[in-house]
Amino acid sequence: MFKDKYFYKTFFSLSAVIILQNLLTFGVNLADNIMIGRYAEVAMSGVSLANQVQFLLQMFAMGAANGVGVLAAQYWGKGDTKPIKKIFTSAAIIATVLSALLGLAVIVAPESVLGLLTDKTNEIAEGSKYIVIMGYSYCIFTITQLFLSMLRSVETVKIGFVVNVVSLVVNIGLNYALIFGNFGCPELGVEGAAIATLVARYVEFIIVVFFVFRLDKKIKMKFSDLFVLDKNYIRDYIKTGLPLIFSATSWGIAMALQTAILGRIESDAVLGANSIATALFQVVSVLYTSTSNSGSVIIGKTVGERDIPRVKLYAKRLQVIYLVIGIVSGLIMFLSCDAILALYNVADETRDLAKAFIYILSITIVGSCYEAPALCGIVSGGGDTKFVLFNDLIFMWGIVLPLSFLSAFVWHLPIPVTFFFLKCDQILKCIVAVVKVNRFKWIKELTRNENS
């Protein structure tokens, strides 16, 4: 198991860079959360609400990007990069339209959008200030993720790390200046945090575009390629990518509904506690989301090479790695709980509830680290992109949300119990993942010949 140098070198080198990249991406959100948390608790809760909509966008962008990545990785394994450009263009059209619609909604009616998540007027007012500015970043953020996924699929990952380092530095610097009114800048609070993040997103976009069109030597994309449409590749992307978009977007909507359930519990501490726990979870979760991405690239490339025995071998190895990552992630969350809580200036009730939430997440993340990359990385990367959608619909919409609603508003169980019900699918889906992955019926070749 430990003698395959190609597998381990490729997996861990890809994972290391993607982990750093995603840590920095979530670091931008965490910087907003911590700095706003030190500014005012109600402001932090408002930003947390707005970030649920931002999370929905991120899920949509991730689904669209994964659709590009699954197809592009197989063409990369096949040694044919020309179709990758056409796949990107197909994805960019669909993603731009949908992200623009979401951006328009939060710009035109921010209070109405956030009102779907909670009835607390103070939090809605603060969150609206943040989200109306962030709406102008939605399109360029989505396109940036598509570019990075395209590059990742051909094993170009360092640019993503560079982009996110610059973005984090810009965001933290502007946060310090605009939230608190330092360096002679006005004290803008929540709006200052939004402006800082908006500028960081545009900096990311500019750097990635410059790299793709001027420095990349693998895909060699030209600006004119953005206007070349091929109905065959549009059809391929719709068939492969839309299930991933629907799955990720459905997950994002479900997360927003989870916040809505918590936001309507009669306790002012719930949203603040959830904000703290979720921010930590998102940072730690980059371990499994990143290794899921690298696993998808390796599996997709190997399927493109038509080496099926090696695909099965790699799938078995990845499952062991994912389980180990889950145990490590759970320990990190559990051991870092007190240190993270010390960064926040919040009420004792909020702090105690946040600690309970973090302890629950330190258990469920073990399941997340196995089932999510096993299904989204191995199964989807191997070509079966529909299964994850159906699986998520059954567990999230058929079990988690109804059970959590009953717990909160019918049975009136303690808040931590309701929170556990909101996360219990991460354990239950492990059973499905074990069976699905090890049957190997997910291996599907998605590439076509240029003339077909």
# chains A, B, ... in the order shown; residues from 1 in each chain; ligands from 1
>>> select_by_dssp(residues="range 54-266 of chain A", states="helix (DSSP H, G or I)", output="PyMOL selection string")
chain A and resi 54-78+82-108+110-115+121-153+158-180+190-215+223-227+231-263
>>> closest_atom_pairs(of="range 69-158 of chain A", to="range 291-301 of chain A", cutoff="7 Å", atoms="only C-alpha atoms", output="CSV")
residue,atom,partner,partner_atom,distance
A:Val70,CA,A:Gly300,CA,6.2
A:Ala73,CA,A:Lys301,CA,4.9
A:Gln74,CA,A:Lys301,CA,4.7
A:Trp76,CA,A:Lys301,CA,6.1
A:Gly77,CA,A:Lys301,CA,4.1
A:Ser153,CA,A:Val297,CA,5.6
>>> atom_distance(atom1="CA of Ala95 in chain A", atom2="CA of Phe55 in chain A")
15.4 Å
>>> closest_residue(among="A:Pro402, A:Gly252, A:Pro309, A:Gly326", to="Pro373 in chain A", atoms="only C-alpha atoms")
A:Gly326
>>> residues_around(residues="Val346 in chain A", least_positions_apart="5", cutoff="10 Å", atoms="only C-alpha atoms", output="MDAnalysis selection string")
chainID A and resid 37:38 40:42 44 269 272:273 341 351
>>> write_last_selection(atoms="C-alpha atoms", output="short mmCIF file (atom, residue, chain, number, x, y, z; two decimals), in the first residue's frame")
data_model
loop_
_atom_site.label_atom_id
_atom_site.label_comp_id
_atom_site.auth_asym_id
_atom_site.auth_seq_id
_atom_site.Cartn_x
_atom_site.Cartn_y
_atom_site.Cartn_z
CA GLY A 37 -17.25 39.73 16.77
CA ARG A 38 -14.87 42.05 18.60
CA ALA A 40 -20.27 44.05 18.33
CA GLU A 41 -22.10 40.76 18.93
CA VAL A 42 -25.25 41.81 17.06
CA MET A 44 -21.41 39.36 14.18
CA ALA A 269 -27.48 33.37 21.99
CA GLY A 272 -23.99 33.98 17.78
CA ALA A 273 -23.04 30.50 19.02
CA LEU A 341 -13.78 30.99 22.13
CA ARG A 351 -19.98 31.07 24.80
#
>>> closest_atom_pairs(of="range 17-77 of chain A", to="range 114-137 of chain A", cutoff="6 Å", atoms="only C-alpha atoms", output="JSON lines")
{"residue": "A:Val42", "atom": "CA", "partner": "A:Glu123", "partner_atom": "CA", "distance": 6.0}
{"residue": "A:Ala43", "atom": "CA", "partner": "A:Glu126", "partner_atom": "CA", "distance": 5.6}
{"residue": "A:Ser45", "atom": "CA", "partner": "A:Glu123", "partner_atom": "CA", "distance": 5.9}
{"residue": "A:Gly46", "atom": "CA", "partner": "A:Gly127", "partner_atom": "CA", "distance": 3.9}
{"residue": "A:Val47", "atom": "CA", "partner": "A:Gly127", "partner_atom": "CA", "distance": 4.9}
{"residue": "A:Ala50", "atom": "CA", "partner": "A:Gly127", "partner_atom": "CA", "distance": 5.3}
>>> write_last_selection(atoms="C-alpha atoms", output="mmCIF file, in the first residue's frame")
data_model
loop_
_atom_site.group_PDB
_atom_site.id
_atom_site.type_symbol
_atom_site.label_atom_id
_atom_site.label_comp_id
_atom_site.auth_asym_id
_atom_site.auth_seq_id
_atom_site.Cartn_x
_atom_site.Cartn_y
_atom_site.Cartn_z
ATOM 1 C CA VAL A 42 -25.245 41.809 17.065
ATOM 2 C CA ALA A 43 -23.075 42.802 14.104
ATOM 3 C CA SER A 45 -24.811 37.650 14.149
ATOM 4 C CA GLY A 46 -25.899 39.820 11.220
ATOM 5 C CA VAL A 47 -22.769 38.975 9.231
ATOM 6 C CA ALA A 50 -25.353 37.172 5.410
#
>>> atom_distance(atom1="CA of Thr418 in chain A", atom2="CA of Cys376 in chain A")
26.4 Å
>>> closest_residue(among="A:Val366, A:Val208, A:Leu413, A:Val157", to="Ser13 in chain A", atoms="only C-alpha atoms")
A:Val157
>>> residues_around(residues="range 256-264 of chain A", least_positions_apart="2", cutoff="9 Å", atoms="only C-alpha atoms", output="list in words")
Leu49, Gln52, Val53, Phe55, Leu56, Leu116, Leu117, Thr118, Asp119, Lys120, Trp251, Gly252, Ile253, Ala254, Glu266, Ser267, Asp268, Val270, Leu271, Asn274, Leu401, Ser404, Phe405, Ala408, Phe409, Ile415, Thr418, Phe419 and Leu422 of chain A
>>> closest_residue(among="A:Cys185, A:Val165, A:Ile234, A:Leu335", to="Ala200 in chain A", atoms="only C-alpha atoms")
A:Val165
>>> residues_around(residues="range 175-179 of chain A", least_positions_apart="5", cutoff="7 Å", atoms="only C-alpha atoms", output="list of chain:residue names")
A:Cys185, A:Pro186, A:Glu187, A:Leu188, A:Gly189, A:Val190, A:Gly192, A:Ala193, A:Ala196
>>> atom_distance(atom1="CA of Asn391 in chain A", atom2="CA of Ala433 in chain A")
9.7 Å
>>> closest_residue(among="A:Asn438, A:Glu111, A:Gly382, A:Ile276", to="Ala31 in chain A", atoms="only C-alpha atoms")
A:Ile276
>>> residues_around(residues="Cys430 in chain A", least_positions_apart="2", cutoff="9 Å", atoms="only C-alpha atoms", output="list of chain:residue names")
A:Gly367, A:Ser368, A:Tyr370, A:Glu371, A:Ala372, A:Ala374, A:Asp425, A:Gln426, A:Ile427, A:Leu428, A:Val432, A:Ala433, A:Val434, A:Val435
>>> write_last_selection(atoms="N, CA and C atoms", output="PDB file, in the first residue's frame")
ATOM      1  N   GLY A 367     -17.438  11.683  10.454  1.00  0.00           N
ATOM      2  CA  GLY A 367     -18.250  11.150   9.370  1.00  0.00           C
ATOM      3  C   GLY A 367     -18.149  11.984   8.117  1.00  0.00           C
ATOM      4  N   SER A 368     -18.153  13.305   8.278  1.00  0.00           N
ATOM      5  CA  SER A 368     -18.039  14.206   7.125  1.00  0.00           C
ATOM      6  C   SER A 368     -16.773  13.940   6.338  1.00  0.00           C
ATOM      7  N   TYR A 370     -15.146  11.275   5.957  1.00  0.00           N
ATOM      8  CA  TYR A 370     -15.163  10.040   5.167  1.00  0.00           C
ATOM      9  C   TYR A 370     -16.199  10.097   4.055  1.00  0.00           C
ATOM     10  N   GLU A 371     -17.455  10.351   4.409  1.00  0.00           N
ATOM     11  CA  GLU A 371     -18.519  10.203   3.417  1.00  0.00           C
ATOM     12  C   GLU A 371     -18.476  11.276   2.329  1.00  0.00           C
ATOM     13  N   ALA A 372     -18.165  12.522   2.686  1.00  0.00           N
ATOM     14  CA  ALA A 372     -18.189  13.591   1.685  1.00  0.00           C
ATOM     15  C   ALA A 372     -17.135  13.395   0.593  1.00  0.00           C
ATOM     16  N   ALA A 374     -15.556  10.600  -0.078  1.00  0.00           N
ATOM     17  CA  ALA A 374     -15.786   9.303  -0.722  1.00  0.00           C
ATOM     18  C   ALA A 374     -16.827   9.423  -1.820  1.00  0.00           C
ATOM     19  N   ASP A 425     -26.813  13.509   9.705  1.00  0.00           N
ATOM     20  CA  ASP A 425     -26.678  12.847   8.407  1.00  0.00           C
ATOM     21  C   ASP A 425     -25.222  12.553   8.074  1.00  0.00           C
ATOM     22  N   GLN A 426     -24.299  13.323   8.648  1.00  0.00           N
ATOM     23  CA  GLN A 426     -22.884  13.110   8.363  1.00  0.00           C
ATOM     24  C   GLN A 426     -22.399  11.756   8.868  1.00  0.00           C
ATOM     25  N   ILE A 427     -23.060  11.239   9.857  1.00  0.00           N
ATOM     26  CA  ILE A 427     -22.739   9.897  10.347  1.00  0.00           C
ATOM     27  C   ILE A 427     -23.502   8.838   9.550  1.00  0.00           C
ATOM     28  N   LEU A 428     -24.786   9.098   9.303  1.00  0.00           N
ATOM     29  CA  LEU A 428     -25.630   8.112   8.619  1.00  0.00           C
ATOM     30  C   LEU A 428     -25.163   7.839   7.195  1.00  0.00           C
ATOM     31  N   VAL A 432     -23.904   4.427   3.541  1.00  0.00           N
ATOM     32  CA  VAL A 432     -24.152   4.460   2.099  1.00  0.00           C
ATOM     33  C   VAL A 432     -22.839   4.563   1.338  1.00  0.00           C
ATOM     34  N   ALA A 433     -21.919   5.405   1.831  1.00  0.00           N
ATOM     35  CA  ALA A 433     -20.649   5.630   1.140  1.00  0.00           C
ATOM     36  C   ALA A 433     -19.823   4.345   1.043  1.00  0.00           C
ATOM     37  N   VAL A 434     -19.777   3.587   2.133  1.00  0.00           N
ATOM     38  CA  VAL A 434     -19.008   2.342   2.131  1.00  0.00           C
ATOM     39  C   VAL A 434     -19.522   1.389   1.052  1.00  0.00           C
ATOM     40  N   VAL A 435     -20.829   1.230   0.980  1.00  0.00           N
ATOM     41  CA  VAL A 435     -21.430   0.302   0.012  1.00  0.00           C
ATOM     42  C   VAL A 435     -21.231   0.810  -1.421  1.00  0.00           C
TER      43      VAL A 435
END
>>> residues_around(residues="Tyr237 in chain A", least_positions_apart="4", cutoff="9 Å", atoms="only C-alpha atoms", output="JSON, numbers by chain")
{"A": [67, 68, 71, 87, 88, 90, 91, 232, 233, 241, 242]}
>>> closest_residue(among="A:Val379, A:Val417, A:Ile219, A:Cys337", to="Thr81 in chain A", atoms="only C-alpha atoms")
A:Ile219
>>> closest_residue(among="A:Tyr344, A:Tyr314, A:Phe246, A:Phe281", to="Met59 in chain A", atoms="only C-alpha atoms")
A:Phe246
